[in-house]
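> Sharing upload.txt below, compact mmCIF, C-alpha atoms:
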```
# COMPACT_ATOMS: atom_id res chain seq x y z
CA MET A 144 -15.94 6.36 -35.57
CA TRP A 145 -13.59 5.75 -32.64
CA ALA A 146 -9.83 6.21 -32.61
CA ILE A 147 -8.23 3.88 -30.05
CA LEU A 148 -4.61 4.35 -28.95
CA SER A 149 -2.27 2.85 -26.40
CA GLY A 150 1.38 3.08 -25.41
CA ILE A 151 2.33 6.70 -26.07
CA GLU A 152 5.07 6.13 -23.47
CA GLY A 153 6.08 9.78 -23.24
CA ASN A 154 6.72 10.09 -26.98
CA ILE A 155 5.23 13.49 -27.78
CA ALA A 156 6.30 13.42 -31.46
CA ALA A 157 4.51 10.11 -32.02
CA TYR A 158 1.36 11.35 -30.29
CA GLU A 159 1.27 14.52 -32.41
CA ALA A 160 1.74 12.44 -35.57
CA VAL A 161 -1.23 10.24 -34.65
CA LEU A 162 -3.43 13.24 -33.83
CA ALA A 163 -2.59 14.70 -37.24
CA ASP A 164 -3.44 11.40 -38.93
CA ILE A 165 -6.79 11.23 -37.14
CA LYS A 166 -7.67 14.64 -38.57
CA ARG A 167 -6.92 13.33 -42.09
CA GLN A 168 -9.47 10.52 -41.92
CA ARG A 169 -12.25 10.62 -44.49
CA PHE A 170 -14.88 9.71 -41.90
CA LYS A 171 -15.17 11.89 -38.84
CA VAL A 172 -13.67 10.47 -35.65
CA GLU A 173 -16.10 11.19 -32.82
CA ALA A 174 -14.31 9.64 -29.82
CA LEU A 175 -10.67 9.27 -28.85
CA TYR A 176 -9.68 6.56 -26.35
CA ILE A 177 -6.20 6.18 -24.89
CA LEU A 178 -5.77 2.79 -23.25
CA GLY A 179 -2.92 3.44 -20.86
CA ASP A 180 0.87 3.63 -20.94
CA ILE A 181 0.71 7.35 -21.58
CA VAL A 182 3.88 7.89 -19.60
CA ALA A 183 7.09 5.90 -19.26
CA ALA A 184 10.67 6.41 -18.13
CA ASN A 185 10.86 9.24 -20.65
CA GLN A 186 11.56 12.90 -19.87
CA ASP A 187 8.82 14.02 -22.28
CA SER A 188 6.11 12.25 -20.26
CA GLU A 189 4.99 15.49 -18.59
CA GLN A 190 4.70 17.16 -21.99
CA VAL A 191 2.44 14.34 -23.20
CA ILE A 192 0.23 14.68 -20.13
CA LYS A 193 -0.14 18.43 -20.63
CA ARG A 194 -1.01 17.87 -24.31
CA ILE A 195 -3.72 15.37 -23.34
CA GLN A 196 -5.08 17.68 -20.66
CA ASN A 197 -5.22 20.65 -23.05
CA PRO A 198 -6.51 19.61 -26.49
CA LEU A 199 -6.44 22.29 -29.16
CA PRO A 200 -9.66 23.94 -30.39
CA ARG A 201 -11.84 21.49 -32.35
CA GLU A 202 -9.76 18.53 -31.13
CA LEU A 203 -11.40 15.66 -29.29
CA GLU A 204 -10.97 15.43 -25.54
CA PRO A 205 -9.21 12.10 -24.94
CA GLN A 206 -10.80 9.53 -22.67
CA VAL A 207 -7.95 7.95 -20.72
CA CYS A 208 -7.54 4.78 -18.70
CA VAL A 209 -4.49 3.63 -16.77
CA GLY A 210 -1.88 1.19 -18.03
CA TRP A 211 1.15 -0.72 -16.81
CA TRP A 212 3.47 2.29 -16.64
CA GLU A 213 0.89 4.30 -14.70
CA GLU A 214 0.58 1.47 -12.18
CA GLN A 215 4.37 1.54 -11.73
CA CYS A 216 4.14 5.27 -10.97
CA PHE A 217 1.50 4.61 -8.33
CA THR A 218 3.73 2.03 -6.67
CA LEU A 219 6.77 4.33 -6.70
CA HIS A 220 4.72 7.02 -4.94
CA GLY A 221 3.26 4.63 -2.37
CA LEU A 222 -0.20 4.69 -3.96
CA GLY A 223 -0.27 1.27 -5.59
CA SER A 224 -1.52 -2.15 -4.56
CA THR A 225 2.03 -3.38 -3.90
CA PRO A 226 4.56 -1.77 -1.51
CA GLU A 227 7.62 -2.12 -3.77
CA PRO A 228 8.12 -1.66 -7.56
CA THR A 229 9.30 -5.25 -7.87
CA GLU A 230 7.82 -5.87 -11.31
CA LEU A 231 9.35 -2.67 -12.72
CA ILE A 232 12.83 -3.36 -11.31
CA GLU A 233 12.83 -7.01 -12.38
CA ARG A 234 11.92 -6.06 -15.92
CA PHE A 235 13.91 -2.86 -16.48
CA GLY A 236 16.29 -2.36 -13.53
CA LYS A 237 16.73 0.26 -10.83
CA GLU A 238 18.01 2.94 -13.20
CA THR A 239 14.74 2.87 -15.14
CA ALA A 240 12.78 3.05 -11.89
CA LYS A 241 14.77 6.15 -10.92
CA LEU A 242 14.21 7.71 -14.38
CA LEU A 243 10.45 7.07 -14.13
CA TRP A 244 10.42 8.76 -10.72
CA ASP A 245 12.22 11.77 -12.18
CA SER A 246 10.05 11.91 -15.33
CA VAL A 247 6.56 11.93 -13.77
CA SER A 248 5.69 14.43 -11.06
CA ARG A 249 3.61 13.75 -7.97
CA GLU A 250 0.95 16.14 -9.32
CA THR A 251 0.71 14.13 -12.54
CA VAL A 252 0.51 10.87 -10.60
CA GLN A 253 -2.46 12.26 -8.68
CA TRP A 254 -4.14 13.18 -11.98
CA LEU A 255 -3.50 9.70 -13.35
CA ARG A 256 -5.04 8.19 -10.22
CA ASN A 257 -8.36 9.73 -11.27
CA CYS A 258 -8.30 8.03 -14.67
CA HIS A 259 -10.50 5.01 -15.35
CA PHE A 260 -9.42 1.36 -15.20
CA GLY A 261 -11.26 0.82 -18.50
CA PHE A 262 -14.35 1.77 -20.47
CA PHE A 263 -17.47 -0.22 -21.27
CA GLU A 264 -19.21 1.30 -24.29
CA LEU A 265 -22.16 -0.45 -25.97
CA ASP A 266 -20.93 -4.09 -26.09
CA CYS A 267 -17.24 -3.09 -26.13
CA LEU A 268 -14.70 -3.19 -23.34
CA LEU A 269 -11.71 -0.87 -23.85
CA ILE A 270 -8.88 -1.56 -21.41
CA HIS A 271 -5.09 -1.67 -21.23
CA GLY A 272 -4.51 -5.28 -20.16
CA SER A 273 -7.67 -7.24 -19.45
CA THR A 274 -10.41 -7.64 -16.89
CA VAL A 275 -7.83 -9.38 -14.67
CA SER A 276 -5.13 -6.68 -14.45
CA VAL A 277 -3.13 -4.10 -16.41
CA SER A 278 -0.28 -6.63 -16.59
CA ASP A 279 -2.39 -9.28 -18.31
CA GLU A 280 -1.07 -9.46 -21.88
CA LEU A 281 -3.39 -10.78 -24.58
CA THR A 282 -1.78 -11.68 -27.93
CA PRO A 283 -2.66 -13.67 -31.07
CA GLU A 284 -1.11 -16.70 -29.31
CA THR A 285 -3.37 -16.50 -26.23
CA LEU A 286 -5.44 -19.67 -25.78
CA PRO A 287 -9.15 -19.39 -26.71
CA TRP A 288 -10.41 -20.41 -23.26
CA LYS A 289 -8.40 -17.56 -21.71
CA MET A 290 -9.77 -15.05 -24.21
CA LEU A 291 -13.31 -16.26 -23.51
CA ASP A 292 -12.74 -15.97 -19.77
CA ARG A 293 -11.61 -12.34 -20.09
CA LEU A 294 -14.67 -11.50 -22.18
CA GLN A 295 -17.08 -13.51 -20.07
CA ARG A 296 -16.18 -11.62 -16.89
CA VAL A 297 -17.94 -8.48 -18.13
CA GLN A 298 -20.21 -9.93 -20.85
CA ALA A 299 -18.43 -7.99 -23.59
CA ASN A 300 -18.58 -9.03 -27.25
CA TYR A 301 -15.57 -6.89 -28.22
CA LEU A 302 -12.45 -6.35 -26.13
CA PHE A 303 -9.92 -3.70 -27.19
CA CYS A 304 -6.57 -3.92 -25.39
CA GLY A 305 -3.13 -2.34 -25.64
CA ARG A 306 -0.82 -4.24 -23.31
CA SER A 307 0.92 -6.35 -25.98
CA GLY A 308 1.62 -3.33 -28.21
CA GLN A 309 0.56 -5.41 -31.22
CA VAL A 310 -2.20 -4.85 -33.75
CA PHE A 311 -4.31 -7.95 -34.20
CA GLU A 312 -7.86 -9.23 -34.49
CA TYR A 313 -8.68 -12.45 -32.65
CA GLN A 314 -12.08 -13.97 -33.40
CA LEU A 315 -13.93 -16.42 -31.20
CA GLN A 316 -16.63 -18.21 -33.12
CA GLY A 317 -19.98 -18.77 -31.42
CA GLY A 318 -20.27 -21.97 -29.42
CA SER A 319 -20.64 -23.40 -25.93
CA VAL A 320 -18.45 -24.52 -23.04
CA ASN A 321 -19.41 -27.32 -20.63
CA SER A 322 -18.02 -27.24 -17.09
CA SER A 323 -18.53 -29.13 -13.86
CA VAL A 324 -16.98 -29.38 -10.41
CA MET A 325 -15.85 -32.68 -8.88
CA THR A 326 -15.99 -32.79 -5.06
CA LEU A 327 -15.01 -35.59 -2.69
CA ASP A 328 -18.66 -36.64 -2.50
CA ARG A 329 -19.89 -36.36 -6.05
CA GLN A 330 -19.69 -34.52 -9.35
CA GLN A 331 -21.80 -31.38 -9.57
CA PRO A 332 -24.23 -31.01 -12.50
CA VAL A 333 -22.71 -29.90 -15.78
CA GLN A 334 -23.17 -26.21 -16.57
CA THR A 335 -23.24 -25.02 -20.17
CA ILE A 336 -22.14 -21.52 -21.12
CA THR A 337 -23.21 -20.41 -24.57
CA ALA A 338 -21.05 -17.71 -26.11
CA PRO A 339 -21.83 -15.62 -29.21
CA LYS A 340 -19.22 -14.66 -31.76
CA ARG A 341 -16.71 -12.34 -30.12
CA ARG A 342 -13.53 -10.45 -30.95
CA VAL A 343 -10.41 -9.35 -29.10
CA VAL A 344 -8.50 -6.53 -30.76
CA GLY A 345 -4.94 -5.42 -30.08
CA VAL A 346 -4.93 -1.68 -30.81
CA GLY A 347 -1.19 -1.20 -31.38
CA ASN A 348 1.41 1.05 -29.81
CA VAL A 349 2.02 4.73 -30.48
CA GLY A 350 5.37 5.56 -28.93
CA LYS A 351 7.59 2.55 -28.40
CA GLU A 352 9.11 2.21 -31.89
CA PRO A 353 10.87 5.44 -33.02
CA GLY A 354 9.45 6.82 -36.26
CA LYS A 355 6.47 4.45 -36.38
CA ALA A 356 3.13 4.58 -34.55
CA THR A 357 0.18 2.21 -34.82
CA TYR A 358 -3.41 2.70 -33.69
CA THR A 359 -6.93 1.48 -34.45
CA LEU A 360 -10.10 2.89 -35.98
CA TYR A 361 -13.42 1.24 -35.17
CA SER A 362 -17.02 2.11 -35.99
CA PRO A 363 -19.57 0.77 -33.48
CA ASN A 364 -22.36 1.71 -35.88
CA THR A 365 -21.02 -0.23 -38.85
CA ASP A 366 -20.73 -3.98 -38.44
CA ASP A 367 -17.19 -5.30 -38.73
CA PHE A 368 -15.56 -1.97 -39.62
CA LEU A 369 -12.13 -2.22 -38.10
CA GLU A 370 -8.97 -0.65 -39.50
CA PHE A 371 -5.40 -0.68 -38.25
CA LYS A 372 -3.44 2.47 -39.04
CA THR A 373 0.32 2.94 -39.27
CA VAL A 374 1.83 6.42 -39.11
CA PHE A 375 5.45 7.17 -39.97
CA TYR A 376 6.89 10.39 -38.58
CA GLY A 377 10.22 12.16 -38.37
CA LYS A 378 12.56 11.08 -41.20
CA LYS A 379 9.99 8.51 -42.41
CA LYS A 380 6.98 10.80 -42.59
CA GLY A 381 3.80 9.37 -44.04
CA TYR A 382 1.04 6.97 -43.17
CA GLY A 383 -0.44 3.68 -44.28
CA ASN A 384 -2.86 0.94 -43.40
```
What would the structure in this file look like if it were written as structure tokens?


Amino acid sequence: MWAILSGIEGNIAAYEAVLADIKRQRFKVEALYILGDIVAANQDSEQVIKRIQNPLPRELEPQVCVGWWEEQCFTLHGLGSTPEPTELIERFGKETAKLLWDSVSRETVQWLRNCHFGFFELDCLLIHGSTVSVSDELTPETLPWKMLDRLQRVQANYLFCGRSGQVFEYQLQGGSVNSSVMTLDRQQPVQTITAPKRRVVGVGNVGKEPGKATYTLYSPNTDDFLEFKTVFYGKKKGYGN
């Protein structure tokens, strides 16, 4: 059984609540994946990082990949693919950019730089955004051809992503796609791509909504076992499906 999380966003209380819920599961969870957005413009971000780096005895060691907020940290520290945090400022403003700078140390940024872009396990791709970028947001409204393109790039049958913050299951039924290229001289031969049945899964968000965290359980050894979990913490303690 895998537990798949995303979007802790510096919310240490939410992360602890999810870890406690994982321990309550009837079937043993054998792998813990965190698909980015561990930190955010949140002063508890460093505490979350230290908790991930130092699991308690008999706790799983999280496998971590980078997300959108981590990429913004890289840019702020001159380590990203773009010279200026334009996307961050346009979306949240300069005050948030300053708070993110203050909330995540240079040492932590260097540690995050060593995290993976994603994981390919069995026939599953686990990633924050998609095979295109961490900013690529897949949702239940995403067009089928776009979903197929993201899967086709790495030949994955299952894609688990966290960018949207939603929990959803998006199924692509088996079929084929015909494509051809028209040049000035002539039309190239038609190419047919046959695709098996595939799924894209939004794994939820742990820390964005106060008092409520969502994550996903998946068993790669049991066909079609997929469960979305909701954990209430703080004043609304409890859990549900």

> Find the residues of segment 247-281 of chain A that sit at most 9 Å from segment 218-223 of chain A; for each, write down the nearest two atoms and how far apart they are in Å, to one decimal. Count all atoms listed in the file. Sort by chain, then by number going up, and give it as JSON lines.


```
{"residue": "A:Arg249", "atom": "CA", "partner": "A:His220", "partner_atom": "CA", "distance": 7.5}
{"residue": "A:Val252", "atom": "CA", "partner": "A:His220", "partner_atom": "CA", "distance": 8.0}
{"residue": "A:Arg256", "atom": "CA", "partner": "A:Leu222", "partner_atom": "CA", "distance": 8.7}
```

> If you measure from atom CA of Asn154 of chain A to atom CA of Tyr361 of chain A, what distance in Å do you get, rounded to one decimal?

23.5 Å

> Counting only C-alpha atoms, which residues have an atom no more than 12 Å from (-17.2, -3.8, -34.2) in the file's coordinates? Please list them as a count of residues only.

31

> One decimal, Å: what's the distance from atom CA of Asn348 of chain A over to atom CA of Pro226 of chain A, could you say?

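Between atom CA of Asn348 of chain A and atom CA of Pro226 of chain A the gap works out to 28.6 Å.
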
> Using only C-alpha atoms, which of A:Gly305, A:Glu250, A:Thr229, A:Gly350 sits nearest Ala156 of chain A?

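Smallest separation from Ala156 of chain A among the options: A:Gly350.
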
> Excluding Val182 of chain A and any residue of its chain fewer than 2 positions from it, enumerate the residues within 7 Å of it, using only C-alpha atoms, and give them as a PDB file with C-alpha atoms, keeping the file's coordinate frame.


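Saved to out02.pdb:
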```
ATOM      1  CA  ILE A 151       2.330   6.700 -26.070  1.00  0.00           C
ATOM      2  CA  GLU A 152       5.070   6.130 -23.470  1.00  0.00           C
ATOM      3  CA  GLY A 153       6.080   9.780 -23.240  1.00  0.00           C
ATOM      4  CA  ASP A 180       0.870   3.630 -20.940  1.00  0.00           C
ATOM      5  CA  SER A 188       6.110  12.250 -20.260  1.00  0.00           C
ATOM      6  CA  TRP A 212       3.470   2.290 -16.640  1.00  0.00           C
ATOM      7  CA  GLU A 213       0.890   4.300 -14.700  1.00  0.00           C
TER       8      GLU A 213
END
```

> For the contact check between segment 267-376 of chain A and segment 167-179 of chain A, emit one row per residue of segment 267-376 of chain A within 8 Å, containing the shortest atom pair and the distance in Å rounded to one decimal, counting only C-alpha atoms, chain then rising number order, as JSON lines.


```
{"residue": "A:Leu269", "atom": "CA", "partner": "A:Leu178", "partner_atom": "CA", "distance": 7.0}
{"residue": "A:Ile270", "atom": "CA", "partner": "A:Leu178", "partner_atom": "CA", "distance": 5.7}
{"residue": "A:His271", "atom": "CA", "partner": "A:Leu178", "partner_atom": "CA", "distance": 4.9}
{"residue": "A:Cys304", "atom": "CA", "partner": "A:Leu178", "partner_atom": "CA", "distance": 7.1}
{"residue": "A:Gly305", "atom": "CA", "partner": "A:Leu178", "partner_atom": "CA", "distance": 6.2}
```

> What gap, in Å, lies between atom CA of Ser246 of chain A and atom CA of Gly210 of chain A?

16.3 Å

> Hey, which of A:Ser273, A:Gln190, A:Thr285, A:Thr225 ends up closest to Glu159 of chain A? Count all atoms listed in the file.

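Selected residue with least distance to Glu159 of chain A: A:Gln190.
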
> Closest to Asp187 of chain A among A:Ser224, A:Gln316, A:Ser248, A:Gln298, using only C-alpha atoms?

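The answer is A:Ser248, which sits nearest to Asp187 of chain A.
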